[in-house]
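Below is target.txt, holding compact mmCIF, C-alpha atoms.
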```txt
# COMPACT_ATOMS: atom_id res chain seq x y z
CA MET M 193 20.15 -12.98 13.40
CA LYS M 194 17.37 -11.53 15.53
CA VAL M 195 15.00 -8.89 14.12
CA LEU M 196 12.27 -6.78 15.68
CA GLN M 197 9.61 -5.66 13.19
CA LEU M 198 7.70 -2.63 14.50
CA THR M 199 4.48 -1.90 12.60
CA HIS M 200 1.92 0.90 12.70
CA LYS M 201 -0.94 -1.58 12.23
CA PRO M 202 -1.26 -5.36 12.57
CA PRO M 203 0.08 -7.10 9.43
CA VAL M 204 -2.44 -9.91 9.90
CA PRO M 205 -5.23 -10.15 8.87
CA CYS M 206 -4.10 -8.74 5.52
CA VAL M 207 -7.00 -6.36 4.97
CA ASP M 208 -5.17 -3.95 2.65
CA GLY M 209 -2.02 -3.48 0.61
CA GLY M 210 -0.03 -2.06 3.52
CA CYS M 211 -0.77 -5.11 5.66
CA LEU M 212 0.19 -7.42 2.79
CA ALA M 213 3.50 -5.59 2.33
CA MET M 214 4.36 -5.84 6.03
CA HIS M 215 3.31 -9.48 6.29
CA GLN M 216 5.46 -10.26 3.28
CA ILE M 217 8.54 -8.95 5.09
CA THR M 218 7.66 -11.13 8.07
CA THR M 219 7.32 -14.28 5.95
CA CYS M 220 10.50 -13.50 4.00
CA LEU M 221 12.41 -13.18 7.28
CA LEU M 222 11.01 -16.49 8.51
CA ASP M 223 11.83 -18.18 5.19
CA ALA M 224 15.42 -16.93 5.51
CA GLY M 225 15.74 -18.53 8.96
CA VAL M 226 15.74 -15.20 10.78
CA GLU M 227 14.30 -15.05 14.30
CA VAL M 228 11.69 -12.31 14.09
CA LYS M 229 9.40 -10.70 16.66
CA VAL M 230 6.51 -8.48 15.55
CA VAL M 231 5.25 -5.66 17.76
CA SER M 232 2.34 -3.69 16.38
CA ILE M 233 0.24 -0.66 17.09
CA ALA M 234 -3.44 -1.59 17.04
CA THR M 235 -6.08 1.05 16.33
CA ALA M 236 -9.85 1.30 16.07
CA LYS M 237 -9.44 1.22 12.29
CA HIS M 238 -6.98 -1.69 12.41
CA PRO M 239 -7.53 -3.77 15.56
CA ALA M 240 -5.41 -6.77 16.44
CA VAL M 241 -7.32 -9.98 15.77
CA HIS M 242 -6.22 -13.02 17.77
CA ALA M 243 -8.46 -15.39 15.85
CA GLU M 244 -7.61 -19.09 15.67
CA GLU M 245 -6.58 -18.98 11.99
CA PHE M 246 -3.85 -16.39 12.75
CA ILE M 247 -2.33 -18.15 15.77
CA PRO M 248 0.49 -19.87 13.79
CA HIS M 249 1.67 -16.48 12.57
CA PHE M 250 1.43 -15.00 16.08
CA ASP M 251 3.26 -17.95 17.64
CA LYS M 252 6.16 -17.85 15.18
CA THR M 253 6.68 -14.12 15.67
CA ARG M 254 5.65 -13.87 19.34
CA PHE M 255 3.25 -11.18 18.14
CA GLU M 256 2.28 -8.44 20.57
CA SER M 257 0.16 -5.35 20.09
CA ILE M 258 -0.55 -2.15 21.96
CA SER M 259 -3.83 -0.31 21.40
CA VAL M 260 -3.33 3.34 20.50
CA ASN M 261 -6.03 5.98 20.03
CA THR M 262 -5.11 7.59 16.70
CA LYS M 263 -8.23 9.71 16.45
CA THR M 264 -7.47 13.33 15.63
CA THR M 265 -8.70 15.87 18.17
CA ILE M 266 -8.62 19.65 18.31
CA THR M 267 -6.11 19.45 21.19
CA LYS M 268 -3.79 17.18 19.19
CA ALA M 269 -4.06 19.44 16.15
CA ILE M 270 -3.27 22.60 18.14
CA THR M 271 -0.35 20.92 19.93
CA SER M 272 1.06 19.75 16.61
CA LEU M 273 0.69 23.23 15.15
CA ILE M 274 2.46 24.90 18.10
CA LYS M 275 5.30 22.37 18.19
CA ARG M 276 5.60 22.27 14.38
CA THR M 277 5.36 18.48 14.38
CA SER M 278 3.47 16.15 12.06
CA LEU M 279 -0.09 15.48 13.19
CA GLN M 280 -0.24 12.31 11.08
CA ALA M 281 2.89 10.86 12.72
CA ASP M 282 2.11 12.11 16.25
CA ARG M 283 -1.16 10.15 16.23
CA PHE M 284 0.80 6.90 16.39
CA PHE M 285 2.94 7.81 19.40
CA SER M 286 1.88 6.34 22.72
CA LYS M 287 3.61 6.39 26.11
CA LYS M 288 2.32 2.85 26.62
CA MET M 289 4.03 1.62 23.45
CA ASP M 290 7.17 3.55 24.34
CA LYS M 291 7.23 1.85 27.74
CA LYS M 292 6.63 -1.55 26.11
CA LEU M 293 9.61 -1.10 23.80
CA LYS M 294 11.86 0.02 26.65
CA ALA M 295 10.98 -3.12 28.63
CA LEU M 296 11.49 -5.32 25.57
CA PHE M 297 14.96 -3.94 24.86
CA LEU M 298 15.98 -4.43 28.48
CA GLN M 299 14.93 -8.09 28.22
CA GLU M 300 16.14 -8.99 24.72
CA ARG M 301 18.93 -8.14 22.31
CA PHE M 302 18.05 -7.50 18.65
CA ASP M 303 20.48 -7.13 15.76
CA VAL M 304 18.09 -5.10 13.58
CA VAL M 305 14.88 -3.16 14.12
CA ILE M 306 12.75 -2.76 11.00
CA LEU M 307 10.42 0.23 11.20
CA GLU M 308 7.42 -0.39 8.95
CA SER M 309 6.66 3.09 7.59
CA ILE M 310 7.56 6.49 8.96
CA PHE M 311 4.55 6.40 11.30
CA VAL M 312 6.57 4.51 13.92
CA GLY M 313 9.43 6.98 13.53
CA ASN M 314 8.71 8.68 16.85
CA TYR M 315 10.01 5.57 18.64
CA ILE M 316 13.54 5.89 17.22
CA GLU M 317 14.86 7.77 20.25
CA THR M 318 13.75 4.96 22.58
CA ILE M 319 15.26 2.33 20.29
CA LYS M 320 18.60 4.16 20.23
CA LYS M 321 18.59 4.72 23.99
CA TYR M 322 17.87 1.14 25.03
CA SER M 323 19.19 -0.96 22.14
CA GLN M 324 22.33 -1.38 20.05
CA ALA M 325 20.29 -2.65 17.10
CA ARG M 326 20.71 -1.23 13.63
CA ILE M 327 17.61 0.62 12.46
CA LEU M 328 16.16 -0.04 9.01
CA LEU M 329 13.27 2.06 7.75
CA ARG M 330 10.83 0.31 5.41
CA LEU M 331 9.29 2.89 3.07
CA HIS M 332 5.91 1.92 1.64
CA ASN M 333 5.47 5.36 0.03
CA ILE M 334 6.87 8.84 0.00
CA GLU M 335 4.18 9.72 2.49
CA TYR M 336 4.20 13.50 2.19
CA LEU M 337 3.98 13.22 -1.60
CA ILE M 338 0.51 11.66 -1.23
CA TRP M 339 -0.73 14.78 0.54
CA GLU M 340 1.02 17.10 -1.91
CA ARG M 341 -0.77 15.37 -4.78
CA LEU M 342 -4.07 15.49 -2.92
CA SER M 343 -3.65 19.23 -2.38
CA LYS M 344 -3.08 19.75 -6.12
CA GLN M 345 -6.20 17.74 -6.98
CA ALA M 346 -8.45 19.37 -4.35
CA LYS M 347 -10.92 21.97 -5.62
CA ASN M 348 -12.21 23.08 -2.23
CA PRO M 349 -9.90 25.91 -0.98
CA LEU M 350 -10.11 24.77 2.66
CA LYS M 351 -9.24 21.18 1.73
CA LYS M 352 -6.42 22.38 -0.50
CA ALA M 353 -4.93 24.46 2.34
CA THR M 354 -5.32 21.63 4.86
CA TYR M 355 -3.69 19.06 2.59
CA ARG M 356 -0.84 21.48 1.85
CA TYR M 357 -0.20 22.05 5.57
CA LEU M 358 -0.28 18.31 6.30
CA ALA M 359 2.13 17.69 3.42
CA THR M 360 4.60 20.33 4.65
CA SER M 361 4.67 19.12 8.25
CA LEU M 362 4.85 15.47 7.20
CA LYS M 363 7.71 16.21 4.79
CA ARG M 364 9.69 17.85 7.58
CA PHE M 365 9.15 14.82 9.82
CA GLU M 366 9.74 12.22 7.10
CA LEU M 367 13.07 13.64 5.94
CA SER M 368 14.29 14.17 9.52
CA LEU M 369 14.16 10.42 10.13
CA PHE M 370 16.94 9.78 7.61
CA HIS M 371 19.44 11.41 9.98
CA LYS M 372 18.56 8.89 12.70
CA ILE M 373 18.54 5.53 10.90
CA ASP M 374 21.21 3.13 9.62
CA GLY M 375 19.54 2.26 6.34
CA TYR M 376 16.27 2.19 4.45
CA MET M 377 14.32 -0.13 2.16
CA PRO M 378 12.05 1.66 -0.34
CA ILE M 379 9.42 -0.43 -2.05
CA THR M 380 10.05 1.10 -5.51
CA GLU M 381 13.03 2.29 -7.55
CA VAL M 382 11.25 5.63 -8.07
CA ASP M 383 11.22 6.26 -4.31
CA HIS M 384 14.80 5.01 -4.04
CA ILE M 385 16.09 7.51 -6.59
CA PHE M 386 14.26 10.32 -4.79
CA PHE M 387 15.81 9.57 -1.38
CA GLN M 388 19.26 8.68 -2.76
CA LYS M 389 19.64 12.19 -4.16
CA GLN M 390 19.15 13.63 -0.69
CA PHE M 391 20.93 10.94 1.36
CA PRO M 392 23.58 9.45 -0.98
CA ASN M 393 25.74 7.95 1.79
CA LEU M 394 22.98 6.06 3.60
CA SER M 395 22.74 2.28 3.09
CA SER M 396 19.70 1.35 1.05
CA LYS M 397 18.18 -1.35 -1.12
CA VAL M 398 14.92 -1.56 -3.06
CA ILE M 399 12.75 -4.31 -1.57
CA PRO M 400 9.58 -4.42 -3.70
CA TYR M 401 6.49 -6.41 -2.86
CA GLY M 402 7.09 -10.03 -3.77
CA ILE M 403 4.43 -12.48 -4.83
CA ASP M 404 4.34 -16.01 -3.43
CA LEU M 405 3.48 -17.66 -6.75
CA SER M 406 2.39 -20.86 -5.03
CA THR M 407 -0.55 -18.98 -3.51
CA TYR M 408 -1.44 -17.10 -6.71
CA GLN M 409 -2.50 -19.87 -9.07
CA TYR M 410 -2.71 -18.53 -12.61
CA GLU M 411 -5.54 -19.77 -14.81
CA ASP M 412 -5.17 -19.23 -18.55
CA GLN M 413 -8.64 -18.01 -19.49
CA GLN M 414 -9.83 -16.08 -22.55
CA ILE M 415 -12.05 -13.05 -21.87
CA ASP M 416 -15.62 -13.66 -23.04
CA GLU M 417 -16.40 -10.66 -25.25
CA SER M 418 -20.16 -11.10 -24.69
CA ASN M 419 -19.89 -10.83 -20.89
CA ILE M 420 -17.04 -8.52 -19.85
CA SER M 421 -16.84 -7.26 -16.28
CA LEU M 422 -14.54 -4.49 -15.14
CA PHE M 423 -13.65 -4.37 -11.45
CA HIS M 424 -11.95 -2.38 -8.73
CA ILE M 425 -10.91 -3.70 -5.33
CA GLY M 426 -9.69 -1.30 -2.69
CA SER M 427 -10.56 0.13 0.67
CA MET M 428 -12.53 3.39 0.64
CA ASN M 429 -10.93 4.58 3.86
CA TRP M 430 -7.88 5.70 1.85
CA GLN M 431 -8.38 9.12 0.29
CA PRO M 432 -6.59 8.43 -3.05
CA ASN M 433 -8.93 5.47 -3.68
CA ILE M 434 -12.03 7.58 -3.04
CA GLU M 435 -10.75 10.44 -5.17
CA GLY M 436 -9.77 8.15 -8.05
CA MET M 437 -13.00 6.15 -8.18
CA ILE M 438 -15.22 9.26 -8.00
CA TRP M 439 -13.22 10.73 -10.88
CA PHE M 440 -13.63 7.50 -12.87
CA LEU M 441 -17.37 7.14 -12.22
CA GLU M 442 -18.16 10.78 -13.02
CA ASN M 443 -15.87 11.30 -16.01
CA VAL M 444 -15.35 7.89 -17.57
CA TRP M 445 -17.94 5.28 -16.64
CA LYS M 446 -21.04 7.22 -17.69
CA LYS M 447 -19.67 7.59 -21.22
CA VAL M 448 -18.43 3.99 -21.32
CA VAL M 449 -21.90 2.64 -20.48
CA GLU M 450 -23.45 4.77 -23.24
CA LYS M 451 -21.13 3.10 -25.75
CA HIS M 452 -21.15 -0.38 -24.18
CA PRO M 453 -24.47 -0.89 -22.36
CA LYS M 454 -23.69 -4.56 -21.59
CA LEU M 455 -20.51 -3.81 -19.63
CA THR M 456 -20.57 -4.12 -15.84
CA LEU M 457 -18.34 -2.58 -13.18
CA VAL M 458 -17.95 -4.35 -9.83
CA LEU M 459 -16.59 -2.45 -6.81
CA ALA M 460 -15.35 -4.20 -3.67
CA GLY M 461 -13.54 -3.18 -0.52
CA LYS M 462 -14.25 -1.81 2.91
CA GLY M 463 -16.39 1.34 2.79
CA ASN M 464 -17.50 1.03 -0.84
CA LYS M 465 -21.20 0.87 0.00
CA ALA M 466 -20.98 3.89 2.28
CA VAL M 467 -19.34 5.96 -0.46
CA PHE M 468 -21.20 4.75 -3.57
CA ASP M 469 -24.44 3.00 -2.65
CA ASN M 470 -26.68 6.08 -2.94
CA LYS M 471 -25.27 7.40 -6.23
CA ASN M 472 -27.63 5.52 -8.60
CA LEU M 473 -24.76 4.21 -10.71
CA GLN M 474 -25.66 2.42 -13.93
CA ASN M 475 -24.34 -1.14 -14.45
CA VAL M 476 -22.39 -1.00 -11.16
CA GLN M 477 -22.41 -3.68 -8.47
CA ILE M 478 -21.11 -2.71 -5.04
CA PHE M 479 -19.70 -4.96 -2.30
CA ASP M 480 -18.00 -4.11 0.95
CA PHE M 481 -15.19 -6.25 2.36
CA VAL M 482 -14.79 -9.54 0.47
CA GLU M 483 -13.55 -12.61 2.31
CA ASN M 484 -11.14 -13.68 -0.42
CA ALA M 485 -9.61 -10.99 -2.64
CA GLN M 486 -8.11 -13.57 -5.01
CA HIS M 487 -11.45 -15.23 -5.65
CA PHE M 488 -12.96 -11.83 -6.37
CA ILE M 489 -10.18 -10.87 -8.80
CA LYS M 490 -10.37 -14.22 -10.60
CA ALA M 491 -14.15 -13.88 -11.02
CA HIS M 492 -13.84 -10.72 -13.13
CA ASP M 493 -12.00 -9.65 -16.28
CA ILE M 494 -10.32 -6.24 -16.31
CA MET M 495 -8.95 -4.42 -13.27
CA ILE M 496 -9.48 -0.65 -13.04
CA VAL M 497 -7.14 1.38 -10.79
CA PRO M 498 -7.73 5.09 -11.55
CA LEU M 499 -5.32 6.69 -9.07
CA LEU M 500 -4.68 10.42 -9.33
CA SER M 501 -2.58 10.71 -6.18
CA GLY M 502 -0.62 8.40 -3.92
CA SER M 503 2.91 7.04 -3.89
CA GLY M 504 4.76 3.75 -3.64
CA MET M 505 3.73 0.40 -5.10
CA ARG M 506 0.07 -0.58 -5.46
CA ILE M 507 -0.17 -4.04 -3.96
CA LYS M 508 -3.61 -4.72 -5.43
CA ILE M 509 -2.19 -4.01 -8.91
CA MET M 510 0.59 -6.50 -8.18
CA GLU M 511 -2.04 -9.08 -7.21
CA GLY M 512 -3.99 -8.42 -10.40
CA LEU M 513 -0.85 -8.81 -12.51
CA ALA M 514 0.06 -12.02 -10.68
CA LEU M 515 -3.35 -13.50 -11.48
CA GLY M 516 -2.96 -12.62 -15.15
CA LYS M 517 -5.52 -9.81 -15.25
CA PRO M 518 -5.21 -6.92 -17.72
CA VAL M 519 -4.90 -3.80 -15.55
CA ILE M 520 -5.99 -0.32 -16.64
CA THR M 521 -4.42 2.36 -14.45
CA THR M 522 -2.84 5.81 -14.52
CA THR M 523 0.83 6.76 -14.64
CA ILE M 524 0.68 7.36 -10.88
CA GLY M 525 -0.99 3.98 -10.36
CA ALA M 526 1.73 2.19 -12.33
CA GLU M 527 4.52 4.14 -10.65
CA GLY M 528 7.23 1.94 -9.21
CA ILE M 529 6.35 -1.20 -11.19
CA GLY M 530 8.60 -2.11 -14.13
CA ILE M 531 5.86 -2.36 -16.72
CA SER M 532 5.31 -1.45 -20.39
CA HIS M 533 2.13 0.10 -21.80
CA LYS M 534 0.12 -2.31 -24.00
CA GLU M 535 2.61 -5.11 -23.29
CA ASN M 536 1.77 -6.05 -19.69
CA ILE M 537 -0.41 -3.16 -18.50
CA LEU M 538 -2.63 -0.39 -19.92
CA ILE M 539 -2.08 3.25 -18.91
CA ALA M 540 -4.43 6.21 -19.33
CA ASP M 541 -4.29 9.57 -17.53
CA THR M 542 -7.31 11.42 -18.92
CA PRO M 543 -11.01 10.50 -19.21
CA GLU M 544 -10.67 10.44 -23.00
CA THR M 545 -7.71 8.05 -23.05
CA MET M 546 -9.30 5.89 -20.34
CA ILE M 547 -12.42 5.52 -22.50
CA GLN M 548 -10.25 4.70 -25.53
CA ILE M 549 -8.39 2.02 -23.59
CA ILE M 550 -11.63 0.41 -22.42
CA ASP M 551 -12.87 0.49 -26.04
CA PHE M 552 -9.64 -1.19 -27.08
CA CYS M 553 -10.16 -3.97 -24.51
CA VAL M 554 -13.79 -4.55 -25.46
CA ASN M 555 -12.96 -4.75 -29.17
CA ASN M 556 -9.71 -6.70 -28.79
CA THR M 557 -10.34 -9.33 -26.13
CA THR M 558 -7.63 -11.64 -27.49
CA LYS M 559 -4.98 -8.91 -27.22
CA CYS M 560 -6.36 -7.91 -23.82
CA THR M 561 -6.01 -11.50 -22.61
CA GLU M 562 -2.44 -11.58 -23.95
CA ILE M 563 -1.57 -8.47 -21.92
CA GLY M 564 -2.78 -10.31 -18.82
CA LYS M 565 -0.56 -13.31 -19.64
CA ASN M 566 2.43 -11.00 -20.06
CA ALA M 567 1.62 -9.43 -16.70
CA ARG M 568 1.91 -12.84 -15.04
CA LYS M 569 5.29 -13.41 -16.75
CA LEU M 570 6.52 -10.06 -15.40
CA ILE M 571 5.69 -11.11 -11.84
CA GLU M 572 7.38 -14.49 -12.30
CA THR M 573 10.65 -12.95 -13.55
CA LYS M 574 10.94 -9.80 -11.39
CA TYR M 575 8.68 -10.00 -8.36
CA ALA M 576 8.64 -13.62 -7.15
CA LYS M 577 8.91 -13.86 -3.38
CA GLU M 578 12.11 -15.92 -3.51
CA ILE M 579 13.88 -13.06 -5.32
CA ILE M 580 12.72 -10.57 -2.69
CA THR M 581 13.82 -12.82 0.21
CA GLU M 582 17.33 -12.96 -1.23
CA GLU M 583 17.51 -9.15 -1.57
CA LEU M 584 16.16 -8.63 1.95
CA THR M 585 18.78 -11.00 3.38
CA LYS M 586 21.57 -9.03 1.68
CA ILE M 587 20.68 -5.70 3.28
CA LEU M 588 20.13 -7.27 6.69
CA GLN M 589 23.61 -8.75 6.62
```

Take the structure in the file and write it out as structure tokens.
Amino acid sequence: MKVLQLTHKPPVPCVDGGCLAMHQITTCLLDAGVEVKVVSIATAKHPAVHAEEFIPHFDKTRFESISVNTKTTITKAITSLIKRTSLQADRFFSKKMDKKLKALFLQERFDVVILESIFVGNYIETIKKYSQARILLRLHNIEYLIWERLSKQAKNPLKKATYRYLATSLKRFELSLFHKIDGYMPITEVDHIFFQKQFPNLSSKVIPYGIDLSTYQYEDQQIDESNISLFHIGSMNWQPNIEGMIWFLENVWKKVVEKHPKLTLVLAGKGNKAVFDNKNLQNVQIFDFVENAQHFIKAHDIMIVPLLSGSGMRIKIMEGLALGKPVITTTIGAEGIGISHKENILIADTPETMIQIIDFCVNNTTKCTEIGKNARKLIETKYAKEIITEELTKILQ
């Protein structure tokens, strides 16, 4: 079997959850003995890096990238408005990429094309015109739902109206793609149920993010109640992360520090210093991009993921669970992961309940550690990479 994986950003280096999810599909395909070629859009935000340490990946997949300017301009916005298209999706269309795909299909025959996210959906017409390949859409989120949730959270009227417009146009585009594809692979059962109701006759299978347990070495370690550190790792160029952490710092952390003056909160991820460095936050350490996310996660005790909007599966939560960390998140943050409150995760949706949960962890470190152990067991039984590879192979065939 021969597969083309078309991505809206380079999967490697894995700088965020989206990259990790795409790279996982690549490695699962290779593990299953599938011949896979990866063609990626490269942007200023996500450039293609042909560094020596990534060459094996590039060689195996014959990786190629096309640079696309995804910057929003007034002209692009007006054109999108007039044509009633999605500005977010239109940003990723390039005549150069379209030409590249046409040439590729004239040279090679593929059995399946996997579209990584709806943002490469504008290339479907070219794929259909020049290839007989089946088209599978990989859904990382319900994309328009992210903007709908942002619009509900926004207090500024102009932001609220802008987010609502972006959500409406993106919804129209996103749902239109289901009439042009042969099947889809949502990352969560929640997303699957949503799309199945609207497209019941379309082939589909849930392909969640799978953890390669050999690369996530679990260390059984009791939390030291005299030196507890909470942490968050996530890029601050994604609006739900910014929104969630500001909410947490303003409504939760200040009160937590008053009750527990020895607690520390460590923030890491691209853009964190730009967003938080000048806010005079008490007991908060701030780092930008960290070289090794696993080392960072292992070095701290309790993961905080206070998401108020977003959709899909949170890859960083999956990593935290795999490393046996107790994770405190919201219902939206836990969405799509088969977890149980106070068994293998901790869920709180208001400042008051978030504070109570942190109190619980501080005063019950043994139970908190046990929740982390259960989290690791969950990953081992439901989200191991080998399980995901088997499911992926089924839908491809």

**Fill in**
Taken to one decimal, the CA of Leu499 (chain M)-CA of Lys517 (chain M) distance is 17.6 Å

**Prompt:** Could you work out how far CA of Tyr322 (chain M) lies from CA of Phe302 (chain M), giving the answer in Å with one decimal?
**Reply:** 10.7 Å

Please report, as CSV, each residue of region 345-372 of chain M lying at most 9 Å from region 330-341 of chain M, together with the nearest pair of atoms and the separation in Å rounded to one decimal; use all atoms listed in the file, and order rows by chain and ascending residue number.
```
residue,atom,partner,partner_atom,distance
M:Gln345,CA,M:Arg341,CA,6.3
M:Ala346,CA,M:Arg341,CA,8.7
M:Tyr355,CA,M:Trp339,CA,5.6
M:Arg356,CA,M:Glu340,CA,6.1
M:Tyr357,CA,M:Trp339,CA,8.9
M:Leu358,CA,M:Trp339,CA,6.8
M:Ala359,CA,M:Tyr336,CA,4.8
M:Thr360,CA,M:Tyr336,CA,7.3
M:Ser361,CA,M:Tyr336,CA,8.3
M:Leu362,CA,M:Tyr336,CA,5.4
M:Lys363,CA,M:Tyr336,CA,5.1
M:Arg364,CA,M:Tyr336,CA,8.8
M:Glu366,CA,M:Tyr336,CA,7.5
```

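In this model, the gap between CA of Val519 (chain M) and CA of Met495 (chain M) comes to 4.7 Å.
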
**Message:** List the spatial neighbours of Cys553 (chain M) as a PyMOL selection string - criterion: any atom at most 10 Å away, all atoms listed in the file, same-chain residues fewer than 3 positions off excluded.
**Reply:** chain M and resi 415+417+420+494+518+520+538+547-550+556-561
